[in-house]
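Listing of data_13.txt, compact mmCIF, C-alpha atoms and all ligand atoms
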# COMPACT_ATOMS: atom_id res chain seq x y z
CA MET A 1 12.44 -53.99 -36.10
CA ASN A 2 11.42 -55.93 -39.19
CA PHE A 3 9.45 -53.55 -41.40
CA CYS A 4 9.67 -49.94 -42.52
CA SER A 5 7.15 -47.82 -40.60
CA SER A 6 6.88 -45.49 -43.61
CA CYS A 7 6.21 -47.90 -46.49
CA GLY A 8 5.82 -51.35 -44.92
CA SER A 9 8.71 -52.97 -46.82
CA ALA A 10 11.42 -54.99 -45.13
CA VAL A 11 14.30 -53.26 -43.36
CA SER A 12 17.88 -54.44 -43.14
CA LEU A 13 20.62 -53.56 -40.66
CA THR A 14 23.29 -51.70 -42.61
CA ILE A 15 25.65 -48.78 -42.11
CA PRO A 16 24.25 -45.84 -44.09
CA ALA A 17 26.64 -43.73 -46.21
CA GLY A 18 28.36 -41.16 -44.00
CA ASP A 19 27.39 -42.98 -40.81
CA ASP A 20 29.54 -45.21 -38.64
CA ARG A 21 27.08 -47.62 -37.10
CA GLU A 22 24.36 -50.00 -38.18
CA ARG A 23 20.84 -48.64 -38.60
CA TYR A 24 17.60 -50.17 -39.77
CA VAL A 25 17.32 -49.02 -43.39
CA CYS A 26 14.31 -49.70 -45.64
CA VAL A 27 15.22 -51.84 -48.66
CA SER A 28 12.54 -50.06 -50.70
CA CYS A 29 12.19 -46.36 -49.72
CA GLU A 30 15.64 -46.19 -48.07
CA ALA A 31 14.28 -44.47 -44.96
CA ILE A 32 16.72 -44.75 -42.03
CA HIS A 33 14.99 -45.72 -38.79
CA TYR A 34 17.00 -44.43 -35.84
CA THR A 35 16.48 -45.70 -32.34
CA ASN A 36 17.71 -43.59 -29.45
CA PRO A 37 17.87 -43.68 -25.66
CA ARG A 38 14.70 -42.94 -23.75
CA VAL A 39 14.43 -40.46 -20.91
CA ILE A 40 12.75 -41.35 -17.63
CA VAL A 41 11.66 -38.33 -15.60
CA GLY A 42 10.65 -38.40 -11.97
CA CYS A 43 10.35 -36.49 -8.72
CA LEU A 44 11.74 -36.78 -5.23
CA PRO A 45 8.86 -35.04 -3.42
CA VAL A 46 9.46 -33.76 0.11
CA TYR A 47 6.84 -32.46 2.51
CA GLU A 48 7.66 -31.34 6.05
CA GLY A 49 10.94 -33.25 5.87
CA ARG A 50 9.42 -36.51 4.73
CA VAL A 51 9.81 -38.13 1.31
CA LEU A 52 6.89 -39.36 -0.75
CA LEU A 53 7.15 -42.92 -2.04
CA CYS A 54 4.69 -45.06 -4.01
CA ARG A 55 4.23 -48.80 -3.68
CA ARG A 56 4.05 -50.30 -7.15
CA ALA A 57 0.83 -51.95 -8.30
CA ILE A 58 2.45 -53.25 -11.48
CA GLU A 59 5.39 -55.34 -12.61
CA PRO A 60 8.31 -55.13 -12.61
CA ARG A 61 8.91 -54.95 -8.84
CA ARG A 62 5.26 -54.99 -7.86
CA ASN A 63 4.79 -54.25 -4.12
CA PHE A 64 8.15 -52.48 -3.91
CA TRP A 65 8.48 -48.78 -3.18
CA THR A 66 9.60 -46.20 -5.71
CA LEU A 67 9.70 -42.52 -6.52
CA PRO A 68 7.10 -41.37 -9.05
CA ALA A 69 8.77 -41.58 -12.48
CA GLY A 70 8.10 -42.66 -16.03
CA PHE A 71 8.96 -42.14 -19.68
CA MET A 72 9.17 -38.54 -20.84
CA GLU A 73 6.53 -37.90 -23.51
CA ASN A 74 6.78 -35.93 -26.74
CA GLY A 75 5.87 -32.26 -26.37
CA GLU A 76 6.65 -31.90 -22.69
CA THR A 77 9.60 -30.57 -20.71
CA SER A 78 11.59 -32.82 -18.39
CA ALA A 79 10.20 -31.00 -15.33
CA GLY A 80 6.71 -31.07 -16.81
CA GLY A 81 7.00 -34.81 -17.33
CA ALA A 82 8.28 -35.34 -13.79
CA ALA A 83 5.31 -33.38 -12.39
CA ARG A 84 2.91 -35.32 -14.63
CA GLU A 85 4.24 -38.65 -13.38
CA THR A 86 3.93 -37.44 -9.79
CA TRP A 87 0.30 -36.61 -10.44
CA GLU A 88 -0.40 -39.87 -12.26
CA GLU A 89 1.29 -42.20 -9.76
CA ALA A 90 0.77 -40.36 -6.47
CA GLU A 91 -2.08 -37.93 -7.17
CA ALA A 92 0.21 -35.23 -5.82
CA LYS A 93 0.98 -31.78 -7.24
CA ALA A 94 4.73 -31.29 -7.51
CA ILE A 95 5.86 -27.69 -6.91
CA ASP A 96 9.22 -25.88 -6.91
CA LEU A 97 10.97 -28.51 -9.01
CA GLN A 98 14.78 -28.44 -8.93
CA LEU A 99 16.93 -30.74 -11.03
CA TYR A 100 18.76 -33.05 -8.64
CA ARG A 101 20.01 -36.35 -10.04
CA ILE A 102 20.82 -37.80 -13.44
CA PHE A 103 21.60 -41.46 -13.99
CA ASP A 104 22.89 -42.88 -17.24
CA VAL A 105 21.90 -46.52 -17.70
CA PRO A 106 23.63 -47.23 -20.99
CA HIS A 107 23.14 -51.00 -21.14
CA ILE A 108 19.40 -50.44 -21.48
CA SER A 109 19.73 -47.08 -23.28
CA GLN A 110 17.96 -45.08 -20.61
CA LEU A 111 18.62 -41.74 -18.96
CA TYR A 112 16.96 -40.90 -15.63
CA MET A 113 16.31 -37.32 -14.51
CA PHE A 114 15.04 -36.78 -10.96
CA TYR A 115 13.76 -33.43 -9.71
CA ARG A 116 13.52 -32.51 -6.02
CA CYS A 117 10.16 -30.88 -5.33
CA GLY A 118 7.59 -29.87 -2.76
CA LEU A 119 4.00 -31.08 -2.54
CA GLU A 120 1.13 -28.64 -2.81
CA ASP A 121 -0.85 -28.76 0.45
CA GLY A 122 0.96 -31.99 1.33
CA ALA A 123 -1.79 -33.82 -0.49
CA PHE A 124 -1.29 -37.19 -2.17
CA GLY A 125 -3.11 -40.37 -3.10
CA ALA A 126 -2.52 -43.45 -5.22
CA GLY A 127 -2.85 -43.49 -9.01
CA PRO A 128 -3.71 -46.63 -10.98
CA GLU A 129 -0.09 -47.86 -11.05
CA SER A 130 0.32 -47.53 -7.26
CA LEU A 131 -1.10 -49.60 -4.43
CA GLU A 132 -0.54 -46.75 -1.98
CA SER A 133 1.66 -43.72 -1.36
CA ALA A 134 3.15 -42.52 1.90
CA LEU A 135 5.50 -39.94 3.38
CA PHE A 136 8.57 -41.33 5.14
CA ASP A 137 11.14 -39.97 7.55
CA GLU A 138 14.62 -41.23 6.77
CA ALA A 139 14.53 -43.84 9.53
CA ASP A 140 11.21 -45.20 8.30
CA VAL A 141 12.05 -45.57 4.60
CA PRO A 142 11.60 -49.25 3.68
CA TRP A 143 15.21 -49.49 2.52
CA ASP A 144 15.07 -53.20 1.78
CA GLU A 145 11.88 -52.84 -0.26
CA ILE A 146 12.98 -50.18 -2.74
CA ALA A 147 12.12 -51.11 -6.31
CA PHE A 148 15.12 -49.85 -8.27
CA PRO A 149 18.80 -49.09 -7.62
CA VAL A 150 18.48 -45.55 -9.01
CA VAL A 151 15.72 -44.81 -6.50
CA TYR A 152 17.70 -46.28 -3.61
CA LYS A 153 20.76 -44.25 -4.54
CA ALA A 154 18.87 -40.98 -5.08
CA LEU A 155 17.16 -41.33 -1.68
CA LYS A 156 20.39 -42.13 0.18
CA GLU A 157 22.11 -39.16 -1.41
CA TYR A 158 19.18 -36.90 -0.66
CA PHE A 159 19.29 -37.55 3.07
CA ASP A 160 23.09 -37.18 3.08
CA ASP A 161 22.84 -33.92 1.16
CA ARG A 162 20.20 -32.63 3.54
CA ARG A 163 22.53 -33.14 6.48
CA ARG A 164 25.13 -31.10 4.62
CA GLY A 165 22.56 -28.51 3.53
CA GLU A 166 23.45 -28.56 -0.14
CA TYR A 167 22.02 -30.37 -3.12
CA PRO A 168 24.49 -30.48 -5.99
CA VAL A 169 23.25 -31.87 -9.31
CA ARG A 170 25.00 -35.20 -9.81
CA VAL A 171 25.44 -37.39 -12.86
CA SER A 172 26.66 -40.94 -12.75
CA SER A 173 26.31 -44.12 -14.68
CA ILE A 174 24.77 -47.38 -13.55
CA GLU A 175 26.49 -50.11 -15.49
CA ARG A 176 24.25 -52.98 -14.61
CA LEU A 177 21.09 -53.05 -12.55
CA LYS A 178 21.65 -54.66 -9.18
CA ARG A 179 19.35 -55.04 -6.28
CA PRO A 180 20.03 -52.63 -3.45
CA PRO A 181 21.75 -54.25 -0.46
CA ALA A 182 19.13 -55.78 1.82
CA MET B 183 4.19 -43.74 -39.00
CA ASN B 184 2.05 -45.85 -41.32
CA PHE B 185 3.08 -49.46 -40.76
CA CYS B 186 3.92 -51.72 -37.83
CA SER B 187 7.68 -52.22 -37.60
CA SER B 188 7.10 -55.67 -36.07
CA CYS B 189 4.67 -57.27 -38.53
CA GLY B 190 4.28 -54.80 -41.44
CA SER B 191 0.52 -54.33 -41.02
CA ALA B 192 -1.12 -50.91 -40.87
CA VAL B 193 -1.10 -48.89 -37.65
CA SER B 194 -3.81 -46.60 -36.38
CA LEU B 195 -3.67 -43.76 -33.89
CA THR B 196 -5.70 -44.81 -30.88
CA ILE B 197 -5.58 -44.52 -27.11
CA PRO B 198 -4.55 -47.92 -25.74
CA ALA B 199 -6.40 -49.34 -22.73
CA GLY B 200 -4.99 -47.85 -19.53
CA ASP B 201 -3.25 -45.06 -21.40
CA ASP B 202 -4.34 -41.45 -21.72
CA ARG B 203 -2.92 -40.39 -25.07
CA GLU B 204 -2.92 -41.52 -28.67
CA ARG B 205 -0.30 -44.03 -29.77
CA TYR B 206 0.39 -45.81 -33.00
CA VAL B 207 -1.11 -49.27 -32.47
CA CYS B 208 -0.87 -52.13 -34.95
CA VAL B 209 -4.28 -53.23 -36.24
CA SER B 210 -2.98 -56.80 -36.57
CA CYS B 211 -0.46 -57.72 -33.82
CA GLU B 212 -1.61 -54.88 -31.48
CA ALA B 213 1.97 -53.74 -30.81
CA ILE B 214 2.06 -50.21 -29.38
CA HIS B 215 4.72 -48.05 -31.03
CA TYR B 216 5.80 -45.33 -28.65
CA THR B 217 7.71 -42.28 -29.80
CA ASN B 218 9.65 -40.30 -27.22
CA PRO B 219 11.83 -37.19 -27.02
CA ARG B 220 15.37 -37.44 -28.27
CA VAL B 221 18.44 -36.33 -26.34
CA ILE B 222 21.11 -34.14 -27.90
CA VAL B 223 24.44 -34.25 -26.08
CA GLY B 224 27.27 -31.82 -26.57
CA CYS B 225 30.32 -30.16 -25.07
CA LEU B 226 31.42 -26.65 -24.29
CA PRO B 227 35.18 -27.24 -24.59
CA VAL B 228 37.53 -24.70 -23.03
CA TYR B 229 41.28 -24.54 -23.49
CA GLU B 230 43.41 -21.82 -21.92
CA GLY B 231 40.34 -19.68 -21.42
CA ARG B 232 39.10 -19.95 -24.99
CA VAL B 233 36.03 -21.82 -26.20
CA LEU B 234 36.08 -24.28 -29.07
CA LEU B 235 33.48 -23.75 -31.78
CA CYS B 236 32.88 -25.57 -35.07
CA ARG B 237 31.65 -24.01 -38.29
CA ARG B 238 28.95 -26.21 -39.75
CA ALA B 239 29.56 -27.93 -43.08
CA ILE B 240 25.98 -29.19 -43.27
CA GLU B 241 22.44 -27.89 -43.18
CA PRO B 242 20.67 -26.62 -41.22
CA ARG B 243 22.66 -23.45 -40.54
CA ARG B 244 25.58 -24.31 -42.76
CA ASN B 245 28.51 -21.89 -42.26
CA PHE B 246 27.29 -20.89 -38.81
CA TRP B 247 29.22 -21.66 -35.65
CA THR B 248 28.16 -24.19 -33.05
CA LEU B 249 29.29 -26.29 -30.12
CA PRO B 250 29.97 -29.95 -30.93
CA ALA B 251 26.70 -31.81 -30.25
CA GLY B 252 24.46 -34.48 -31.69
CA PHE B 253 21.93 -37.18 -30.93
CA MET B 254 22.75 -39.46 -28.04
CA GLU B 255 23.10 -43.05 -29.26
CA ASN B 256 21.88 -46.28 -27.72
CA GLY B 257 24.36 -47.89 -25.37
CA GLU B 258 26.29 -44.78 -24.42
CA THR B 259 26.20 -42.39 -21.47
CA SER B 260 25.30 -38.74 -21.91
CA ALA B 261 28.90 -37.68 -21.17
CA GLY B 262 30.22 -40.43 -23.42
CA GLY B 263 28.00 -39.19 -26.24
CA ALA B 264 29.08 -35.59 -25.68
CA ALA B 265 32.74 -36.64 -25.90
CA ARG B 266 32.03 -38.74 -29.00
CA GLU B 267 30.41 -35.77 -30.76
CA THR B 268 33.37 -33.57 -29.81
CA TRP B 269 35.67 -36.09 -31.41
CA GLU B 270 33.51 -36.52 -34.52
CA GLU B 271 32.88 -32.83 -35.18
CA ALA B 272 36.06 -31.22 -33.87
CA GLU B 273 38.60 -34.06 -33.74
CA ALA B 274 39.19 -33.03 -30.14
CA LYS B 275 39.43 -35.20 -27.03
CA ALA B 276 37.06 -33.90 -24.35
CA ILE B 277 38.37 -34.35 -20.79
CA ASP B 278 37.04 -33.55 -17.31
CA LEU B 279 33.41 -33.35 -18.41
CA GLN B 280 31.03 -31.57 -16.02
CA LEU B 281 27.31 -31.31 -16.65
CA TYR B 282 26.53 -27.65 -17.22
CA ARG B 283 23.34 -26.83 -19.14
CA ILE B 284 20.09 -28.57 -19.96
CA PHE B 285 17.56 -27.16 -22.39
CA ASP B 286 14.10 -28.56 -22.90
CA VAL B 287 12.78 -27.91 -26.39
CA PRO B 288 9.31 -29.42 -26.07
CA HIS B 289 7.81 -28.24 -29.36
CA ILE B 290 10.28 -30.44 -31.22
CA SER B 291 10.52 -33.07 -28.45
CA GLN B 292 14.23 -32.59 -27.82
CA LEU B 293 16.33 -32.34 -24.69
CA TYR B 294 19.82 -30.82 -24.87
CA MET B 295 22.57 -31.66 -22.39
CA PHE B 296 25.80 -29.68 -22.55
CA TYR B 297 28.93 -30.62 -20.62
CA ARG B 298 31.74 -28.20 -19.87
CA CYS B 299 35.08 -29.85 -20.60
CA GLY B 300 38.77 -29.41 -21.25
CA LEU B 301 40.67 -30.38 -24.38
CA GLU B 302 43.47 -32.90 -24.23
CA ASP B 303 46.69 -31.18 -25.37
CA GLY B 304 44.57 -28.34 -26.77
CA ALA B 305 44.38 -30.30 -30.01
CA PHE B 306 41.49 -30.03 -32.44
CA GLY B 307 40.62 -30.30 -36.11
CA ALA B 308 37.52 -30.49 -38.27
CA GLY B 309 35.41 -33.60 -38.70
CA PRO B 310 33.31 -34.28 -41.81
CA GLU B 311 30.37 -32.19 -40.56
CA SER B 312 32.56 -29.15 -39.86
CA LEU B 313 34.25 -26.70 -42.23
CA GLU B 314 36.69 -25.67 -39.51
CA SER B 315 37.07 -25.40 -35.74
CA ALA B 316 38.65 -22.62 -33.73
CA LEU B 317 39.23 -21.42 -30.17
CA PHE B 318 37.68 -18.06 -29.31
CA ASP B 319 38.13 -15.55 -26.54
CA GLU B 320 34.82 -14.05 -25.42
CA ALA B 321 35.37 -10.84 -27.41
CA ASP B 322 36.12 -12.79 -30.57
CA VAL B 323 33.16 -15.18 -30.54
CA PRO B 324 31.18 -14.62 -33.77
CA TRP B 325 28.03 -13.80 -31.78
CA ASP B 326 25.97 -12.93 -34.85
CA GLU B 327 26.94 -16.16 -36.62
CA ILE B 328 25.95 -18.69 -33.96
CA ALA B 329 23.90 -21.54 -35.41
CA PHE B 330 21.34 -22.20 -32.68
CA PRO B 331 19.73 -20.32 -29.78
CA VAL B 332 20.72 -22.99 -27.25
CA VAL B 333 24.37 -22.57 -28.25
CA TYR B 334 24.19 -18.77 -28.04
CA LYS B 335 22.58 -18.94 -24.60
CA ALA B 336 24.97 -21.55 -23.22
CA LEU B 337 27.98 -19.51 -24.38
CA LYS B 338 26.67 -16.23 -22.93
CA GLU B 339 25.97 -17.92 -19.60
CA TYR B 340 29.35 -19.59 -19.58
CA PHE B 341 31.26 -16.32 -19.85
CA ASP B 342 28.99 -14.72 -17.21
CA ASP B 343 29.49 -17.68 -14.89
CA ARG B 344 33.22 -17.54 -15.38
CA ARG B 345 33.29 -13.94 -14.20
CA ARG B 346 31.43 -15.06 -11.09
CA GLY B 347 33.61 -18.13 -10.69
CA GLU B 348 30.77 -20.61 -10.36
CA TYR B 349 29.03 -22.88 -12.81
CA PRO B 350 25.61 -23.98 -11.55
CA VAL B 351 23.76 -26.60 -13.57
CA ARG B 352 20.80 -24.83 -15.16
CA VAL B 353 17.65 -26.15 -16.78
CA SER B 354 15.29 -24.08 -18.83
CA SER B 355 12.86 -24.46 -21.65
CA ILE B 356 13.05 -22.96 -25.12
CA GLU B 357 9.49 -22.62 -26.33
CA ARG B 358 10.17 -21.81 -29.93
CA LEU B 359 13.42 -21.61 -31.81
CA LYS B 360 14.37 -18.04 -32.59
CA ARG B 361 17.48 -16.63 -34.12
CA PRO B 362 19.84 -15.05 -31.63
CA PRO B 363 19.79 -11.24 -31.74
CA ALA B 364 22.18 -10.00 -34.43
ZN ZN C 401 10.29 -47.90 -46.49
ZN ZN C 402 2.03 -55.44 -36.05
Have the structure of the file written as structure tokens, please.
Amino acid sequence: MNFCSSCGSAVSLTIPAGDDRERYVCVSCEAIHYTNPRVIVGCLPVYEGRVLLCRRAIEPRRNFWTLPAGFMENGETSAGGAARETWEEAEAKAIDLQLYRIFDVPHISQLYMFYRCGLEDGAFGAGPESLESALFDEADVPWDEIAFPVVYKALKEYFDDRRRGEYPVRVSSIERLKRPPA
Amino acid sequence: MNFCSSCGSAVSLTIPAGDDRERYVCVSCEAIHYTNPRVIVGCLPVYEGRVLLCRRAIEPRRNFWTLPAGFMENGETSAGGAARETWEEAEAKAIDLQLYRIFDVPHISQLYMFYRCGLEDGAFGAGPESLESALFDEADVPWDEIAFPVVYKALKEYFDDRRRGEYPVRVSSIERLKRPPA
């Protein structure tokens, strides 16, 4: 950040009065420009026991498989955003959303929220950011071609939880992004 | 937003290629300036069966009682932020944090996350944004002087859950901020 989005003057990194950390403060109008973590909302859609994954058409991790997810937008709920992403990336209507998994990723200031859900009519397709979508039984999940550690972990836990028959909401932190074990 | 924070030129509200909603886009360097919901993290601290509340020293809702909470900062986890706010507002060390309550507040693009927690040594005080802090039994909570609907609702649910002996993680949406019933 170099310039004030309100008045166009330069900003400088200083600790405002009454604050305890550096913020971008306008040297002219004194506006304080906060930056905060962003929320990524997504779904873990299940239909007839199989999980819906999308193969990414875009970087990063093009060609790898992921759950439908993306940045939460202003004016929507977390579940609403998760359903929107499922529609946009997999052309699938998420139903019966239940909060399932939260990941803190502090080193990139992100917070993931995944909802378990069903799929209306079992229908799906591929949105512009996906090469294809498909439903997978546990044994058929392309475990060594999963795009992101949070997706790998959420899927593994889901199948474990299903064997136990309970789906507790979990929160944990991912300290540094690593590739899932091949 | 009037000016590009990267180059200082004017921005205009337009729908970028491949997007489906208006963003602030720089007319000069073409940077897209996204704005996203902000996360508010807080604690519901309990010590020997009583709940810790803080009386607000600042607007909005000065003099009203609240749970320690505030905007999640870059580089921290949601639980870490909730504990930080508990320290800053109530000079209390939150321990054993358990995710408890999520509120979507889409009309102001906010997401609340409350953690249940204990208090180390039962110690607390009042940070600069609080006039005082105090532990309350259910019957003594100042129900008609609670600052925010999300706090009122989280507290009511907590005492109900405690009678039942289980604390499910709940998510719901608050469509418009209303005062709690007096
Ligand atoms: Zn300015
Ligand atoms: Zn620019």
Which residues are close to Phe185 (chain B), i.e. within 7 Å by all atoms listed in the file, leaving aside same-chain residues fewer than 4 positions away? Reply as a ChimeraX atom specification.
/A:4-8 /B:190-193
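For the pair CA of Val27 (chain A) and CA of Met1 (chain A), the interatomic distance is 13.0 Å.
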Here CA of Ala264 (chain B) and CA of Ile328 (chain B) stand apart by 19.1 Å
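Among the candidates A:Val171, A:Val150, A:Ala123, A:Val51, the one nearest to chain B when counting all atoms listed in the file is A:Val171.
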Notebook entry, point to check: Which chain B residues are at most 8 Å from chain A (counting all atoms listed in the file), as a PyMOL selection string?
Noted result: chain B and resi 183-191+217-221+253-260+281+286-291+293+351+353+355
Between A:Cys26, A:Ala83, A:Cys117, A:Leu135, smallest distance to ligand ZN 401 (chain C) by only C-alpha atoms and all ligand atoms belongs to A:Cys26
Do you know which residues are at most 12 Å from Glu48 (chain A) counting all atoms listed in the file, after dropping those on the same chain fewer than 2 positions away, and could you put them as a PyMOL selection string?
chain A and resi 45-46+50-52+117-123+135-137
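Proximity of A:Gly127, A:Pro149, A:Gly165, A:Pro16 to Cys54 (chain A), computed with all atoms listed in the file, is greatest for A:Gly127.
Take CA of Leu279 (chain B) and CA of Tyr112 (chain A): the distance between them is 18.3 Å.
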Exercise for the section: Using only C-alpha atoms, give me every residue within 7 Å of (11.1, -49.0, -1.5) in file coordinates, as a list in words. Expected result: Phe64, Trp65, Thr66, Pro142, Trp143, Asp144, Glu145, Ile146 and Ala147 of chain A
Any chance you could export the current selection's C-alpha atoms as a tab-separated table (two decimals), in the frame of the given file?
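Written file, result-v5.tsv:
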chain	number	residue	atom	x	y	z
A	64	PHE	CA	8.15	-52.48	-3.91
A	65	TRP	CA	8.48	-48.78	-3.18
A	66	THR	CA	9.60	-46.20	-5.71
A	142	PRO	CA	11.60	-49.25	3.68
A	143	TRP	CA	15.21	-49.49	2.52
A	144	ASP	CA	15.07	-53.20	1.78
A	145	GLU	CA	11.88	-52.84	-0.26
A	146	ILE	CA	12.98	-50.18	-2.74
A	147	ALA	CA	12.12	-51.11	-6.31
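For the set A:Leu44, A:Arg84, A:Ala126, A:Lys93, the residue with the smallest atom-to-atom gap to Phe159 (chain A) is A:Leu44, counting only C-alpha atoms.
Of the residues under consideration (B:Cys225, B:Ala213, B:Ala272, B:Val323), B:Ala213 shows the shortest atom-to-atom contact distance to ligand ZN 402 (chain C) when counting only C-alpha atoms and all ligand atoms.
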